[in-house]
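Chemist: Pasting entry_6.txt below, which is compact mmCIF, N, CA and C atoms.
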# COMPACT_ATOMS: atom_id res chain seq x y z
N MET A 1 -54.74 128.35 48.04
CA MET A 1 -53.73 127.91 47.09
C MET A 1 -53.40 126.44 47.30
N GLN A 2 -53.41 126.01 48.54
CA GLN A 2 -53.11 124.62 48.85
C GLN A 2 -54.09 123.68 48.15
N ALA A 3 -55.38 124.01 48.20
CA ALA A 3 -56.40 123.15 47.60
C ALA A 3 -56.25 123.08 46.08
N SER A 4 -55.99 124.22 45.45
CA SER A 4 -55.84 124.20 43.99
C SER A 4 -54.57 123.49 43.58
N GLY A 5 -53.51 123.61 44.37
CA GLY A 5 -52.28 122.89 44.07
C GLY A 5 -52.48 121.40 44.19
N SER A 6 -53.25 121.00 45.16
CA SER A 6 -53.55 119.59 45.37
C SER A 6 -54.42 119.06 44.22
N LEU A 7 -55.39 119.87 43.80
CA LEU A 7 -56.25 119.49 42.68
C LEU A 7 -55.42 119.36 41.40
N TRP A 8 -54.52 120.30 41.19
CA TRP A 8 -53.65 120.25 40.01
C TRP A 8 -52.81 118.99 40.01
N PHE A 9 -52.22 118.66 41.17
CA PHE A 9 -51.37 117.48 41.28
C PHE A 9 -52.20 116.21 41.04
N SER A 10 -53.41 116.15 41.60
CA SER A 10 -54.28 114.99 41.40
C SER A 10 -54.64 114.84 39.93
N SER A 11 -54.95 115.96 39.27
CA SER A 11 -55.28 115.92 37.85
C SER A 11 -54.10 115.44 37.02
N LEU A 12 -52.92 115.91 37.37
CA LEU A 12 -51.71 115.50 36.67
C LEU A 12 -51.49 114.00 36.83
N CYS A 13 -51.63 113.50 38.06
CA CYS A 13 -51.45 112.06 38.30
C CYS A 13 -52.47 111.24 37.52
N PHE A 14 -53.73 111.69 37.51
CA PHE A 14 -54.77 110.99 36.76
C PHE A 14 -54.43 110.96 35.27
N ALA A 15 -54.01 112.08 34.72
CA ALA A 15 -53.66 112.15 33.30
C ALA A 15 -52.49 111.22 32.99
N MET A 16 -51.51 111.17 33.88
CA MET A 16 -50.35 110.29 33.66
C MET A 16 -50.77 108.82 33.69
N LEU A 17 -51.68 108.47 34.60
CA LEU A 17 -52.15 107.09 34.66
C LEU A 17 -52.92 106.72 33.40
N GLN A 18 -53.76 107.62 32.90
CA GLN A 18 -54.48 107.36 31.66
C GLN A 18 -53.52 107.18 30.50
N PHE A 19 -52.50 108.04 30.42
CA PHE A 19 -51.51 107.92 29.35
C PHE A 19 -50.78 106.60 29.43
N ALA A 20 -50.40 106.20 30.65
CA ALA A 20 -49.68 104.94 30.82
C ALA A 20 -50.55 103.76 30.39
N ALA A 21 -51.83 103.78 30.76
CA ALA A 21 -52.72 102.69 30.37
C ALA A 21 -52.89 102.65 28.86
N THR A 22 -53.04 103.81 28.23
CA THR A 22 -53.17 103.86 26.78
C THR A 22 -51.89 103.39 26.11
N SER A 23 -50.75 103.81 26.63
CA SER A 23 -49.47 103.41 26.06
C SER A 23 -49.27 101.91 26.14
N ASP A 24 -49.69 101.30 27.27
CA ASP A 24 -49.57 99.85 27.40
C ASP A 24 -50.42 99.14 26.36
N ALA A 25 -51.64 99.62 26.16
CA ALA A 25 -52.53 98.98 25.20
C ALA A 25 -52.01 99.13 23.78
N LEU A 26 -51.45 100.29 23.47
CA LEU A 26 -50.95 100.53 22.12
C LEU A 26 -49.50 100.11 21.97
N GLY A 27 -48.85 99.78 23.08
CA GLY A 27 -47.42 99.52 23.07
C GLY A 27 -47.02 98.20 22.45
N SER A 28 -47.98 97.31 22.21
CA SER A 28 -47.59 96.05 21.61
C SER A 28 -47.11 96.31 20.18
N THR A 29 -46.13 95.57 19.79
CA THR A 29 -45.53 95.78 18.47
C THR A 29 -46.35 95.11 17.38
N THR A 30 -46.05 95.45 16.15
CA THR A 30 -46.74 94.81 15.03
C THR A 30 -46.48 93.31 15.06
N VAL A 31 -45.29 92.90 15.43
CA VAL A 31 -44.97 91.47 15.49
C VAL A 31 -45.84 90.80 16.56
N GLU A 32 -45.98 91.42 17.71
CA GLU A 32 -46.80 90.83 18.78
C GLU A 32 -48.26 90.73 18.36
N ARG A 33 -48.77 91.78 17.73
CA ARG A 33 -50.17 91.74 17.27
C ARG A 33 -50.35 90.69 16.18
N GLY A 34 -49.35 90.56 15.29
CA GLY A 34 -49.41 89.53 14.26
C GLY A 34 -49.39 88.13 14.84
N LYS A 35 -48.60 87.95 15.89
CA LYS A 35 -48.54 86.65 16.56
C LYS A 35 -49.88 86.31 17.19
N ILE A 36 -50.51 87.29 17.81
CA ILE A 36 -51.83 87.06 18.41
C ILE A 36 -52.83 86.67 17.33
N PHE A 37 -52.80 87.38 16.20
CA PHE A 37 -53.70 87.04 15.09
C PHE A 37 -53.44 85.60 14.64
N ALA A 38 -52.18 85.25 14.48
CA ALA A 38 -51.82 83.90 14.02
C ALA A 38 -52.27 82.85 15.03
N GLN A 39 -52.09 83.13 16.31
CA GLN A 39 -52.52 82.18 17.34
C GLN A 39 -54.03 81.96 17.28
N GLN A 40 -54.77 83.03 17.06
CA GLN A 40 -56.23 82.95 17.07
C GLN A 40 -56.79 82.37 15.77
N ASN A 41 -56.12 82.57 14.64
CA ASN A 41 -56.70 82.23 13.36
C ASN A 41 -55.96 81.17 12.55
N CYS A 42 -54.71 80.90 12.89
CA CYS A 42 -53.88 80.05 12.02
C CYS A 42 -53.30 78.82 12.72
N ALA A 43 -53.10 78.91 14.03
CA ALA A 43 -52.37 77.86 14.76
C ALA A 43 -53.12 76.53 14.81
N ARG A 44 -54.39 76.53 14.51
CA ARG A 44 -55.13 75.28 14.48
C ARG A 44 -54.56 74.33 13.42
N CYS A 45 -54.04 74.91 12.35
CA CYS A 45 -53.51 74.10 11.25
C CYS A 45 -52.00 74.28 11.06
N HIS A 46 -51.50 75.51 11.21
CA HIS A 46 -50.09 75.82 10.95
C HIS A 46 -49.27 75.85 12.23
N SER A 47 -48.05 75.38 12.14
CA SER A 47 -47.08 75.64 13.20
C SER A 47 -46.65 77.09 13.02
N ILE A 48 -46.87 77.91 14.04
CA ILE A 48 -46.54 79.32 13.90
C ILE A 48 -45.25 79.69 14.62
N GLY A 49 -44.65 78.75 15.31
CA GLY A 49 -43.44 79.03 16.07
C GLY A 49 -42.17 78.63 15.35
N PRO A 50 -41.05 78.77 16.05
CA PRO A 50 -39.75 78.48 15.44
C PRO A 50 -39.45 76.99 15.30
N THR A 51 -40.25 76.14 15.93
CA THR A 51 -40.03 74.69 15.84
C THR A 51 -41.37 73.99 15.78
N GLY A 52 -41.33 72.71 15.50
CA GLY A 52 -42.52 71.88 15.55
C GLY A 52 -43.21 71.72 14.21
N GLN A 53 -43.95 70.62 14.13
CA GLN A 53 -44.72 70.32 12.94
C GLN A 53 -46.07 71.01 13.02
N SER A 54 -46.65 71.27 11.88
CA SER A 54 -47.99 71.84 11.85
C SER A 54 -49.00 70.81 12.35
N PRO A 55 -50.01 71.25 13.11
CA PRO A 55 -51.04 70.32 13.58
C PRO A 55 -51.80 69.64 12.45
N TYR A 56 -51.88 70.30 11.29
CA TYR A 56 -52.53 69.73 10.12
C TYR A 56 -51.47 69.59 9.04
N GLY A 57 -51.17 68.37 8.66
CA GLY A 57 -50.07 68.06 7.76
C GLY A 57 -49.91 68.91 6.51
N PRO A 58 -50.97 69.13 5.72
CA PRO A 58 -50.80 69.93 4.50
C PRO A 58 -50.49 71.41 4.74
N ALA A 59 -50.71 71.90 5.95
CA ALA A 59 -50.46 73.32 6.24
C ALA A 59 -48.99 73.52 6.58
N PRO A 60 -48.28 74.31 5.79
CA PRO A 60 -46.84 74.48 6.05
C PRO A 60 -46.58 75.27 7.33
N PRO A 61 -45.52 74.94 8.04
CA PRO A 61 -45.13 75.77 9.17
C PRO A 61 -44.82 77.19 8.67
N PHE A 62 -45.21 78.18 9.44
CA PHE A 62 -44.98 79.56 9.03
C PHE A 62 -43.51 79.86 8.79
N ARG A 63 -42.62 79.21 9.53
CA ARG A 63 -41.19 79.50 9.40
C ARG A 63 -40.62 79.03 8.05
N THR A 64 -41.41 78.24 7.30
CA THR A 64 -40.95 77.75 5.99
C THR A 64 -41.64 78.45 4.82
N LEU A 65 -42.47 79.44 5.08
CA LEU A 65 -43.21 80.08 3.99
C LEU A 65 -42.29 80.71 2.96
N HIS A 66 -41.10 81.15 3.38
CA HIS A 66 -40.16 81.76 2.45
C HIS A 66 -39.73 80.78 1.35
N GLU A 67 -39.90 79.49 1.59
CA GLU A 67 -39.55 78.49 0.58
C GLU A 67 -40.58 78.46 -0.56
N ARG A 68 -41.77 78.98 -0.31
CA ARG A 68 -42.84 78.97 -1.30
C ARG A 68 -43.17 80.36 -1.83
N TYR A 69 -43.02 81.37 -0.98
CA TYR A 69 -43.46 82.73 -1.31
C TYR A 69 -42.46 83.74 -0.81
N ASP A 70 -42.45 84.91 -1.42
CA ASP A 70 -41.81 86.07 -0.81
C ASP A 70 -42.83 86.55 0.21
N VAL A 71 -42.49 86.46 1.48
CA VAL A 71 -43.44 86.73 2.55
C VAL A 71 -44.07 88.12 2.41
N GLY A 72 -43.28 89.11 2.01
CA GLY A 72 -43.81 90.45 1.83
C GLY A 72 -44.85 90.54 0.73
N ASP A 73 -44.74 89.67 -0.26
CA ASP A 73 -45.70 89.67 -1.37
C ASP A 73 -47.06 89.07 -0.99
N LEU A 74 -47.17 88.52 0.20
CA LEU A 74 -48.45 87.96 0.63
C LEU A 74 -49.46 89.03 1.02
N ALA A 75 -49.00 90.27 1.18
CA ALA A 75 -49.90 91.36 1.60
C ALA A 75 -51.09 91.49 0.65
N GLU A 76 -50.85 91.48 -0.64
CA GLU A 76 -51.94 91.63 -1.61
C GLU A 76 -52.92 90.46 -1.51
N ALA A 77 -52.41 89.26 -1.35
CA ALA A 77 -53.28 88.10 -1.22
C ALA A 77 -54.13 88.20 0.04
N PHE A 78 -53.55 88.68 1.14
CA PHE A 78 -54.31 88.85 2.38
C PHE A 78 -55.40 89.90 2.21
N ALA A 79 -55.12 90.94 1.44
CA ALA A 79 -56.11 92.02 1.23
C ALA A 79 -57.26 91.55 0.34
N GLU A 80 -56.95 90.74 -0.66
CA GLU A 80 -57.96 90.30 -1.62
C GLU A 80 -58.72 89.07 -1.16
N GLY A 81 -58.18 88.38 -0.20
CA GLY A 81 -58.81 87.16 0.28
C GLY A 81 -58.04 85.96 -0.18
N ILE A 82 -57.03 85.58 0.56
CA ILE A 82 -56.16 84.47 0.18
C ILE A 82 -56.92 83.15 0.18
N ILE A 83 -56.75 82.39 -0.87
CA ILE A 83 -57.35 81.07 -0.99
C ILE A 83 -56.23 80.11 -1.37
N VAL A 84 -56.09 79.04 -0.59
CA VAL A 84 -55.07 78.03 -0.87
C VAL A 84 -55.77 76.68 -0.88
N ALA A 85 -55.90 76.11 -2.05
CA ALA A 85 -56.52 74.80 -2.17
C ALA A 85 -55.44 73.73 -2.12
N HIS A 86 -55.74 72.62 -1.48
CA HIS A 86 -54.79 71.51 -1.39
C HIS A 86 -55.55 70.22 -1.16
N GLN A 87 -54.84 69.12 -1.26
CA GLN A 87 -55.43 67.82 -0.97
C GLN A 87 -55.63 67.72 0.54
N GLY A 88 -56.73 67.16 0.93
CA GLY A 88 -56.98 66.97 2.36
C GLY A 88 -58.39 67.38 2.73
N GLY A 89 -58.78 66.97 3.91
CA GLY A 89 -60.13 67.23 4.37
C GLY A 89 -60.41 68.67 4.72
N ARG A 90 -59.44 69.36 5.27
CA ARG A 90 -59.63 70.76 5.64
C ARG A 90 -59.08 71.66 4.55
N GLN A 91 -59.77 72.72 4.30
CA GLN A 91 -59.28 73.74 3.38
C GLN A 91 -59.08 75.03 4.18
N MET A 92 -58.11 75.81 3.76
CA MET A 92 -57.86 77.07 4.43
C MET A 92 -59.04 78.01 4.20
N PRO A 93 -59.57 78.59 5.27
CA PRO A 93 -60.67 79.54 5.07
C PRO A 93 -60.17 80.79 4.36
N GLN A 94 -61.06 81.45 3.66
CA GLN A 94 -60.68 82.67 2.97
C GLN A 94 -60.63 83.81 3.98
N PHE A 95 -59.46 84.44 4.08
CA PHE A 95 -59.28 85.57 4.97
C PHE A 95 -59.14 86.83 4.13
N MET A 96 -59.87 87.86 4.49
CA MET A 96 -59.69 89.19 3.89
C MET A 96 -59.35 90.11 5.04
N LEU A 97 -58.09 90.47 5.15
CA LEU A 97 -57.60 91.24 6.28
C LEU A 97 -57.64 92.74 6.00
N GLN A 98 -57.73 93.50 7.06
CA GLN A 98 -57.64 94.95 6.99
C GLN A 98 -56.17 95.34 6.91
N PRO A 99 -55.86 96.54 6.40
CA PRO A 99 -54.46 96.94 6.23
C PRO A 99 -53.60 96.80 7.50
N ASP A 100 -54.13 97.18 8.66
CA ASP A 100 -53.33 97.06 9.88
C ASP A 100 -53.11 95.59 10.25
N GLN A 101 -54.09 94.74 10.00
CA GLN A 101 -53.92 93.31 10.25
C GLN A 101 -52.87 92.72 9.31
N ILE A 102 -52.88 93.16 8.07
CA ILE A 102 -51.89 92.69 7.09
C ILE A 102 -50.49 93.07 7.54
N ASP A 103 -50.30 94.32 7.93
CA ASP A 103 -48.98 94.77 8.39
C ASP A 103 -48.52 93.94 9.58
N ASP A 104 -49.43 93.70 10.52
CA ASP A 104 -49.09 92.93 11.71
C ASP A 104 -48.72 91.49 11.36
N LEU A 105 -49.53 90.85 10.52
CA LEU A 105 -49.27 89.45 10.17
C LEU A 105 -48.00 89.31 9.35
N ILE A 106 -47.77 90.21 8.41
CA ILE A 106 -46.52 90.16 7.62
C ILE A 106 -45.32 90.35 8.53
N ALA A 107 -45.40 91.29 9.47
CA ALA A 107 -44.29 91.51 10.41
C ALA A 107 -44.03 90.25 11.21
N PHE A 108 -45.08 89.58 11.67
CA PHE A 108 -44.90 88.34 12.41
C PHE A 108 -44.30 87.26 11.52
N LEU A 109 -44.84 87.10 10.31
CA LEU A 109 -44.31 86.08 9.41
C LEU A 109 -42.82 86.31 9.14
N ARG A 110 -42.45 87.55 8.92
CA ARG A 110 -41.03 87.86 8.71
C ARG A 110 -40.20 87.50 9.93
N SER A 111 -40.77 87.69 11.10
CA SER A 111 -40.01 87.44 12.33
C SER A 111 -39.70 85.95 12.54
N VAL A 112 -40.48 85.07 11.94
CA VAL A 112 -40.23 83.64 12.14
C VAL A 112 -39.49 83.00 10.97
N GLN A 113 -39.17 83.77 9.94
CA GLN A 113 -38.39 83.23 8.83
C GLN A 113 -36.92 83.20 9.23
N PRO A 114 -36.19 82.19 8.84
CA PRO A 114 -34.78 82.12 9.22
C PRO A 114 -33.92 83.13 8.46
N GLY A 115 -33.05 83.79 9.17
CA GLY A 115 -32.03 84.67 8.60
C GLY A 115 -32.51 85.63 7.52
N GLU A 116 -31.83 85.63 6.41
CA GLU A 116 -32.10 86.55 5.33
C GLU A 116 -33.41 86.28 4.60
N ALA A 117 -34.00 85.12 4.81
CA ALA A 117 -35.26 84.80 4.13
C ALA A 117 -36.39 85.72 4.58
N ALA A 118 -36.20 86.42 5.69
CA ALA A 118 -37.26 87.27 6.23
C ALA A 118 -37.51 88.49 5.36
N HIS A 119 -36.62 88.83 4.44
CA HIS A 119 -36.78 90.08 3.67
C HIS A 119 -37.23 89.84 2.29
Starting from the file, give its structure as C-alpha cells.
Modeler:
Amino acid sequence: MQASGSLWFSSLCFAMLQFAATSDALGSTTVERGKIFAQQNCARCHSIGPTGQSPYGPAPPFRTLHERYDVGDLAEAFAEGIIVAHQGGRQMPQFMLQPDQIDDLIAFLRSVQPGEAAH
C-alpha cells in the first residue's frame, strides 16, 4: 500500500505541475497578448505606449487612434487586411489577422486609449 500511495502522490504532483505550466502559458490576458503583437509588428513605426512620439512620423501613436477611428470598429479592417496609405517613404504593410489576434490587438488598443475613448 505504501508504494501505491507514493505512486499516487507522485502522479498527483506531476499532474499539478503540468496544469500550473499550462495555466502560466495560457494565463496571459488578451491585453498582454495584444501588446506582444504590437511590439513585434507595429512598434517599428507606431508609438504603442502611453507616452512618446511614434518612431515614424506619419504613423499615429496608438493612444490617439480614438481620434480617427472607433477602435472597436477596426476589427473588420484587421480581418480583411487593413491598408492605410499616406505620404512618406514607408507604407503600412497589409495585415490580415486571425480572430484571436484581432481580439487581442483590439483589447490592447482599448487599453491605451485615454478614459472613455476606449469604448
Chemist: One number please: atom C of Thr29 of chain A to atom N of Arg68 of chain A, in Å, one decimal.
Modeler: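 A separation of 24.4 Å between them.
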Chemist: So what do you get for atom N of Gln98 of chain A versus atom C of Gly81 of chain A, distance-wise?
Modeler: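 A separation of 10.5 Å between them.
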Chemist: Show me the residues around (-41.5, 77.1, 11.4) - criterion: an atom at most 6.5 Å away, only N, CA and C atoms counted - as a list in words.
Modeler: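 These residues have at least one counted atom within 6.5 Å: Ser47, Ile48, Gly49, Pro50, Thr51, Gly52, Pro61, Phe62, Arg63, Thr64 and Val112 of chain A.
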Chemist: Near Arg33 of chain A, counting only C-alpha atoms, which residues have an atom at most 10 Å away, once you skip same-chain residues fewer than 4 positions from it, shown as number ranges by chain?
Modeler: A: 28-29, 37-39, 100-101, 103-105, 107-108
Chemist: State, in Å with one decimal place, the distance from atom CA of Glu32 of chain A to atom N of Arg90 of chain A.
Modeler: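 Pair atom CA of Glu32 of chain A / atom N of Arg90 of chain A returns 28.3 Å.
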Chemist: Using all atoms listed in the file for the distances, tell me which of A:Ala77, A:Gly89, A:Val31, A:Pro58 is nearest to Cys45 of chain A.
Modeler: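 Once distances to Cys45 of chain A are computed over all atoms listed in the file, the minimum belongs to A:Pro58.
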Chemist: Closest to Leu109 of chain A among A:Ser54, A:Gly72, A:Phe95, A:Ile82, using all atoms listed in the file?
Modeler: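 Of all the options, A:Gly72 lies closest to Leu109 of chain A.
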Chemist: Using only C-alpha atoms, which protein or nucleic acid residues come within 12 Å of Glu80 of chain A? Drop anything in the same chain fewer than 6 positions from it, and give the result as a ChimeraX atom specification.
Modeler: /A:74,94-99,102
